[in-house]
$ cat model-v2.txt   # compact mmCIF, N, CA and C atoms
# COMPACT_ATOMS: atom_id res chain seq x y z
N MET A 10 143.49 76.67 45.23
CA MET A 10 142.99 76.98 46.56
C MET A 10 143.87 76.26 47.58
N ASN A 11 144.27 76.99 48.58
CA ASN A 11 145.09 76.45 49.66
C ASN A 11 144.16 76.09 50.83
N ALA A 12 143.97 74.79 51.05
CA ALA A 12 143.04 74.32 52.08
C ALA A 12 143.43 74.82 53.47
N GLU A 13 144.71 74.94 53.72
CA GLU A 13 145.19 75.42 55.02
C GLU A 13 144.72 76.86 55.27
N LYS A 14 144.77 77.69 54.24
CA LYS A 14 144.34 79.09 54.38
C LYS A 14 142.84 79.19 54.63
N LEU A 15 142.07 78.21 54.16
CA LEU A 15 140.63 78.26 54.35
C LEU A 15 140.22 78.10 55.81
N LEU A 16 141.14 77.74 56.66
CA LEU A 16 140.84 77.67 58.09
C LEU A 16 140.57 79.06 58.66
N ASP A 17 141.06 80.08 57.98
CA ASP A 17 140.88 81.47 58.40
C ASP A 17 139.61 82.04 57.77
N LYS A 18 138.62 82.39 58.61
CA LYS A 18 137.33 82.89 58.13
C LYS A 18 137.49 84.12 57.24
N GLU A 19 138.35 85.02 57.62
CA GLU A 19 138.57 86.23 56.83
C GLU A 19 139.08 85.88 55.43
N TYR A 20 139.99 84.92 55.36
CA TYR A 20 140.51 84.47 54.07
C TYR A 20 139.39 83.84 53.23
N ARG A 21 138.57 83.00 53.85
CA ARG A 21 137.45 82.36 53.13
C ARG A 21 136.53 83.40 52.52
N ASP A 22 136.18 84.40 53.32
CA ASP A 22 135.29 85.45 52.82
C ASP A 22 135.91 86.18 51.64
N ALA A 23 137.18 86.53 51.77
CA ALA A 23 137.87 87.25 50.70
C ALA A 23 138.00 86.37 49.45
N TRP A 24 138.24 85.08 49.64
CA TRP A 24 138.38 84.16 48.51
C TRP A 24 137.08 84.05 47.72
N VAL A 25 135.97 83.93 48.43
CA VAL A 25 134.66 83.87 47.77
C VAL A 25 134.41 85.16 47.00
N ASP A 26 134.59 86.29 47.68
CA ASP A 26 134.37 87.59 47.02
C ASP A 26 135.19 87.73 45.76
N GLU A 27 136.47 87.49 45.87
CA GLU A 27 137.37 87.69 44.74
C GLU A 27 137.11 86.68 43.62
N SER A 28 136.81 85.45 43.97
CA SER A 28 136.54 84.45 42.94
C SER A 28 135.32 84.83 42.11
N VAL A 29 134.25 85.24 42.76
CA VAL A 29 133.04 85.61 42.05
C VAL A 29 133.27 86.88 41.23
N LYS A 30 133.90 87.87 41.82
CA LYS A 30 134.13 89.13 41.12
C LYS A 30 135.10 88.99 39.96
N THR A 31 135.94 87.98 39.98
CA THR A 31 136.88 87.76 38.89
C THR A 31 136.29 86.87 37.81
N VAL A 32 135.62 85.80 38.19
CA VAL A 32 135.12 84.83 37.22
C VAL A 32 133.95 85.39 36.40
N LEU A 33 133.04 86.13 37.02
CA LEU A 33 131.89 86.65 36.27
C LEU A 33 132.29 87.50 35.07
N PRO A 34 133.17 88.49 35.22
CA PRO A 34 133.58 89.26 34.04
C PRO A 34 134.22 88.40 32.96
N PHE A 35 135.07 87.44 33.37
CA PHE A 35 135.68 86.54 32.39
C PHE A 35 134.62 85.71 31.67
N GLN A 36 133.62 85.26 32.40
CA GLN A 36 132.59 84.42 31.78
C GLN A 36 131.74 85.23 30.81
N ILE A 37 131.35 86.42 31.19
CA ILE A 37 130.56 87.26 30.29
C ILE A 37 131.33 87.49 28.99
N ARG A 38 132.60 87.84 29.12
CA ARG A 38 133.44 88.07 27.94
C ARG A 38 133.62 86.79 27.12
N ALA A 39 133.82 85.64 27.78
CA ALA A 39 134.03 84.38 27.08
C ALA A 39 132.78 83.97 26.28
N ILE A 40 131.62 84.11 26.88
CA ILE A 40 130.38 83.75 26.18
C ILE A 40 130.19 84.67 24.98
N ARG A 41 130.36 85.96 25.20
CA ARG A 41 130.19 86.93 24.11
C ARG A 41 131.18 86.66 22.98
N ALA A 42 132.42 86.39 23.32
CA ALA A 42 133.44 86.15 22.30
C ALA A 42 133.17 84.87 21.52
N LYS A 43 132.75 83.82 22.22
CA LYS A 43 132.46 82.56 21.53
C LYS A 43 131.35 82.74 20.50
N ARG A 44 130.42 83.62 20.81
CA ARG A 44 129.31 83.86 19.88
C ARG A 44 129.65 84.92 18.83
N ARG A 45 130.84 85.47 18.95
CA ARG A 45 131.32 86.52 18.04
C ARG A 45 130.41 87.75 18.07
N TRP A 46 129.95 88.07 19.28
CA TRP A 46 129.11 89.25 19.47
C TRP A 46 129.99 90.41 19.89
N SER A 47 129.67 91.58 19.43
CA SER A 47 130.32 92.79 19.93
C SER A 47 129.68 93.16 21.28
N GLN A 48 130.32 94.07 21.98
CA GLN A 48 129.71 94.56 23.22
C GLN A 48 128.41 95.28 22.90
N ALA A 49 128.37 95.94 21.75
CA ALA A 49 127.14 96.64 21.34
C ALA A 49 126.00 95.64 21.12
N LYS A 50 126.31 94.50 20.48
CA LYS A 50 125.26 93.50 20.24
C LYS A 50 124.76 92.92 21.56
N LEU A 51 125.68 92.57 22.45
CA LEU A 51 125.23 92.05 23.75
C LEU A 51 124.41 93.10 24.48
N GLY A 52 124.86 94.34 24.43
CA GLY A 52 124.11 95.42 25.06
C GLY A 52 122.69 95.52 24.52
N LYS A 53 122.56 95.45 23.20
CA LYS A 53 121.23 95.51 22.58
C LYS A 53 120.38 94.32 23.01
N MET A 54 120.96 93.13 23.00
CA MET A 54 120.23 91.91 23.38
C MET A 54 119.80 91.95 24.85
N ALA A 55 120.61 92.57 25.71
CA ALA A 55 120.33 92.61 27.15
C ALA A 55 119.66 93.91 27.58
N GLY A 56 119.44 94.82 26.64
CA GLY A 56 118.79 96.09 26.97
C GLY A 56 119.68 97.00 27.81
N MET A 57 120.97 97.03 27.47
CA MET A 57 121.89 97.92 28.18
C MET A 57 122.85 98.56 27.18
N LYS A 58 123.52 99.60 27.61
CA LYS A 58 124.44 100.32 26.73
C LYS A 58 125.76 99.56 26.62
N PRO A 59 126.45 99.70 25.47
CA PRO A 59 127.73 99.01 25.30
C PRO A 59 128.74 99.32 26.40
N HIS A 60 128.75 100.56 26.90
CA HIS A 60 129.72 100.88 27.97
C HIS A 60 129.38 100.13 29.26
N SER A 61 128.11 99.78 29.44
CA SER A 61 127.74 98.97 30.61
C SER A 61 128.27 97.56 30.46
N VAL A 62 128.22 97.02 29.24
CA VAL A 62 128.77 95.69 28.98
C VAL A 62 130.28 95.73 29.21
N SER A 63 130.93 96.76 28.71
CA SER A 63 132.37 96.90 28.89
C SER A 63 132.73 96.91 30.37
N ARG A 64 131.97 97.64 31.16
CA ARG A 64 132.21 97.71 32.60
C ARG A 64 132.01 96.34 33.26
N LEU A 65 130.98 95.62 32.84
CA LEU A 65 130.72 94.28 33.40
C LEU A 65 131.86 93.32 33.09
N GLU A 66 132.48 93.48 31.92
CA GLU A 66 133.56 92.59 31.52
C GLU A 66 134.91 92.97 32.10
N SER A 67 135.04 94.17 32.60
CA SER A 67 136.37 94.59 33.03
C SER A 67 136.47 95.09 34.46
N ASP A 68 135.38 95.49 35.06
CA ASP A 68 135.43 96.07 36.41
C ASP A 68 135.27 94.99 37.46
N HIS A 69 136.37 94.58 38.05
CA HIS A 69 136.35 93.50 39.04
C HIS A 69 136.05 94.02 40.44
N ARG A 70 135.87 95.32 40.59
CA ARG A 70 135.60 95.87 41.92
C ARG A 70 134.14 95.73 42.32
N HIS A 71 133.26 95.61 41.35
CA HIS A 71 131.83 95.52 41.64
C HIS A 71 131.24 94.30 40.96
N SER A 72 130.32 93.68 41.64
CA SER A 72 129.61 92.55 41.04
C SER A 72 128.25 93.00 40.55
N PRO A 73 127.81 92.48 39.40
CA PRO A 73 126.48 92.83 38.93
C PRO A 73 125.41 92.27 39.87
N ASN A 74 124.28 92.95 39.91
CA ASN A 74 123.20 92.45 40.75
C ASN A 74 122.46 91.32 40.03
N ILE A 75 121.56 90.68 40.73
CA ILE A 75 120.85 89.53 40.18
C ILE A 75 120.03 89.91 38.95
N SER A 76 119.39 91.07 38.96
CA SER A 76 118.57 91.44 37.79
C SER A 76 119.45 91.65 36.56
N THR A 77 120.65 92.18 36.72
CA THR A 77 121.57 92.32 35.58
C THR A 77 122.02 90.96 35.08
N LEU A 78 122.32 90.05 35.99
CA LEU A 78 122.70 88.69 35.59
C LEU A 78 121.55 88.00 34.86
N LEU A 79 120.33 88.22 35.30
CA LEU A 79 119.17 87.63 34.62
C LEU A 79 119.02 88.20 33.21
N ARG A 80 119.24 89.50 33.06
CA ARG A 80 119.18 90.11 31.72
C ARG A 80 120.22 89.49 30.80
N LEU A 81 121.42 89.26 31.33
CA LEU A 81 122.48 88.63 30.53
C LEU A 81 122.11 87.19 30.19
N ALA A 82 121.56 86.45 31.15
CA ALA A 82 121.15 85.07 30.89
C ALA A 82 120.09 85.03 29.79
N HIS A 83 119.15 85.96 29.83
CA HIS A 83 118.12 86.01 28.80
C HIS A 83 118.74 86.34 27.45
N ALA A 84 119.66 87.29 27.43
CA ALA A 84 120.33 87.65 26.17
C ALA A 84 121.12 86.48 25.62
N PHE A 85 121.82 85.75 26.48
CA PHE A 85 122.61 84.60 26.05
C PHE A 85 121.76 83.34 25.84
N ASP A 86 120.50 83.40 26.22
CA ASP A 86 119.57 82.26 26.15
C ASP A 86 120.16 81.03 26.85
N CYS A 87 120.60 81.28 28.08
CA CYS A 87 121.12 80.20 28.91
C CYS A 87 120.55 80.37 30.32
N ALA A 88 120.74 79.39 31.14
CA ALA A 88 120.23 79.44 32.50
C ALA A 88 121.20 80.20 33.40
N LEU A 89 120.69 80.67 34.51
CA LEU A 89 121.51 81.30 35.54
C LEU A 89 121.26 80.53 36.82
N LEU A 90 122.32 80.05 37.41
CA LEU A 90 122.23 79.30 38.64
C LEU A 90 122.96 80.07 39.73
N VAL A 91 122.22 80.50 40.74
CA VAL A 91 122.80 81.19 41.88
C VAL A 91 122.43 80.37 43.10
N GLU A 92 123.43 79.85 43.78
CA GLU A 92 123.14 79.00 44.93
C GLU A 92 124.26 79.08 45.95
N PHE A 93 123.94 78.77 47.18
CA PHE A 93 124.95 78.67 48.23
C PHE A 93 125.50 77.25 48.19
N VAL A 94 126.82 77.13 48.23
CA VAL A 94 127.46 75.82 48.12
C VAL A 94 128.59 75.70 49.13
N PRO A 95 129.01 74.47 49.44
CA PRO A 95 130.18 74.31 50.30
C PRO A 95 131.44 74.76 49.54
N PHE A 96 132.47 75.10 50.29
CA PHE A 96 133.72 75.56 49.69
C PHE A 96 134.30 74.55 48.73
N SER A 97 134.15 73.26 49.02
CA SER A 97 134.70 72.23 48.15
C SER A 97 134.06 72.28 46.76
N LYS A 98 132.75 72.53 46.70
CA LYS A 98 132.08 72.61 45.40
C LYS A 98 132.52 73.86 44.65
N MET A 99 132.69 74.95 45.36
CA MET A 99 133.15 76.18 44.71
C MET A 99 134.54 75.99 44.13
N ALA A 100 135.41 75.36 44.90
CA ALA A 100 136.77 75.11 44.42
C ALA A 100 136.74 74.24 43.17
N GLU A 101 135.87 73.27 43.16
CA GLU A 101 135.72 72.38 42.00
C GLU A 101 135.22 73.14 40.78
N GLU A 102 134.20 73.98 41.00
CA GLU A 102 133.62 74.76 39.90
C GLU A 102 134.63 75.74 39.30
N PHE A 103 135.46 76.32 40.15
CA PHE A 103 136.40 77.34 39.70
C PHE A 103 137.79 76.77 39.40
N ALA A 104 137.91 75.46 39.37
CA ALA A 104 139.21 74.85 39.07
C ALA A 104 139.63 75.14 37.63
N ASP A 105 138.67 75.18 36.72
CA ASP A 105 138.96 75.47 35.32
C ASP A 105 138.20 76.72 34.92
N VAL A 106 138.91 77.80 34.76
CA VAL A 106 138.27 79.06 34.36
C VAL A 106 138.76 79.48 32.96
N SER A 107 139.01 78.48 32.14
CA SER A 107 139.42 78.77 30.76
C SER A 107 138.21 79.30 29.99
N ASP A 108 138.49 80.01 28.90
CA ASP A 108 137.41 80.52 28.07
C ASP A 108 136.48 79.40 27.61
N GLU A 109 137.07 78.27 27.27
CA GLU A 109 136.28 77.13 26.79
C GLU A 109 135.30 76.62 27.86
N SER A 110 135.75 76.54 29.10
CA SER A 110 134.86 76.03 30.15
C SER A 110 133.83 77.07 30.58
N LEU A 111 134.13 78.34 30.40
CA LEU A 111 133.21 79.40 30.83
C LEU A 111 132.16 79.75 29.78
N ALA A 112 132.43 79.48 28.51
CA ALA A 112 131.54 79.88 27.43
C ALA A 112 130.43 78.85 27.25
N VAL A 113 129.32 79.07 27.92
CA VAL A 113 128.19 78.14 27.84
C VAL A 113 127.47 78.30 26.50
N ILE A 114 126.81 77.24 26.10
CA ILE A 114 126.06 77.26 24.85
C ILE A 114 124.65 77.77 25.11
N ASP A 115 123.98 78.19 24.05
CA ASP A 115 122.61 78.65 24.20
C ASP A 115 121.64 77.47 24.11
N PHE A 116 120.38 77.73 24.35
CA PHE A 116 119.37 76.68 24.39
C PHE A 116 119.30 75.88 23.10
N ASP A 117 119.31 76.58 21.96
CA ASP A 117 119.20 75.88 20.68
C ASP A 117 120.36 74.94 20.44
N ALA A 118 121.56 75.32 20.83
CA ALA A 118 122.74 74.46 20.66
C ALA A 118 122.68 73.26 21.59
N GLU A 119 122.05 73.42 22.72
CA GLU A 119 121.97 72.36 23.72
C GLU A 119 120.84 71.35 23.42
N ARG A 120 119.82 71.83 22.75
CA ARG A 120 118.61 71.04 22.52
C ARG A 120 118.88 69.85 21.60
N PRO A 121 118.42 68.67 22.00
CA PRO A 121 118.57 67.50 21.13
C PRO A 121 117.76 67.67 19.86
N ARG A 122 118.29 67.20 18.77
CA ARG A 122 117.59 67.27 17.47
C ARG A 122 116.94 65.93 17.16
N ASP A 123 115.80 65.99 16.50
CA ASP A 123 115.10 64.75 16.12
C ASP A 123 115.71 64.15 14.89
$ encode --input "model-v2.txt" --output "structure tokens"
Amino acid sequence: MNAEKLLDKEYRDAWVDESVKTVLPFQIRAIRAKRRWSQAKLGKMAGMKPHSVSRLESDHRHSPNISTLLRLAHAFDCALLVEFVPFSKMAEEFADVSDESLAVIDFDAERPRD
């Protein structure tokens, strides 16, 4: 992120739009791949068709709506956090968009064992 460019409101708006539209498909694909799920399996778990999953993972022109993201969160058994944040926090969150950082674990993997 170029801090100088963020002085331009139009640039800030475009940066937010593009960052979200780019990172979400990568994250959906990264989580699915880490779990070794096919698009068909994710589709079944989320109650959607495999071609819908394919579109979510590859179509950067449109962002999924909140209800679709919630369906994916339920299928992945992970939380979904949607919040308004300052640009500095967004830059920090999107500094590492590697598959490893994007592939969140499910509840059972996160839960402490006795």
$ residues_around --input "model-v2.txt" --residues "Asp108 of chain A" --least-positions-apart "5" --cutoff "8 Å" --atoms "all atoms listed in the file" --output "number ranges by chain"
A: 35-36, 38-40, 43, 113
$ closest_residue --input "model-v2.txt" --among "A:Pro95, A:Leu90, A:Glu13, A:Pro59" --to "Ser47 of chain A" --atoms "only C-alpha atoms"
A:Pro59
$ atom_distance --input "model-v2.txt" --atom1 "atom C of Arg120 of chain A" --atom2 "atom C of Arg41 of chain A"
20.9 Å
$ atom_distance --input "model-v2.txt" --atom1 "atom CA of Met99 of chain A" --atom2 "atom N of Val25 of chain A"
9.0 Å
$ closest_residue --input "model-v2.txt" --among "A:Trp46, A:Tyr20, A:Phe116, A:Phe103" --to "Asp86 of chain A" --atoms "only N, CA and C atoms"
A:Phe116
$ closest_residue --input "model-v2.txt" --among "A:Arg122, A:Leu81, A:Glu27, A:Pro73" --to "Gly56 of chain A" --atoms "all atoms listed in the file"
A:Leu81
$ atom_distance --input "model-v2.txt" --atom1 "atom N of Leu15 of chain A" --atom2 "atom C of Ser110 of chain A"
25.0 Å
$ closest_residue --input "model-v2.txt" --among "A:Ala55, A:Ala42, A:Val94, A:Asp117" --to "Ser76 of chain A" --atoms "only C-alpha atoms"
A:Ala55
$ closest_residue --input "model-v2.txt" --among "A:Asp123, A:Glu102, A:Glu66, A:Asp115" --to "Ser28 of chain A" --atoms "only C-alpha atoms"
A:Glu102
$ select_by_dssp --input "model-v2.txt" --residues "segment 11-122 of chain A" --states "helix (DSSP H, G or I)" --output "ChimeraX atom specification"
/A:14-16,18-43,48-55,59-67,75-85,96-102,108-111,116-119
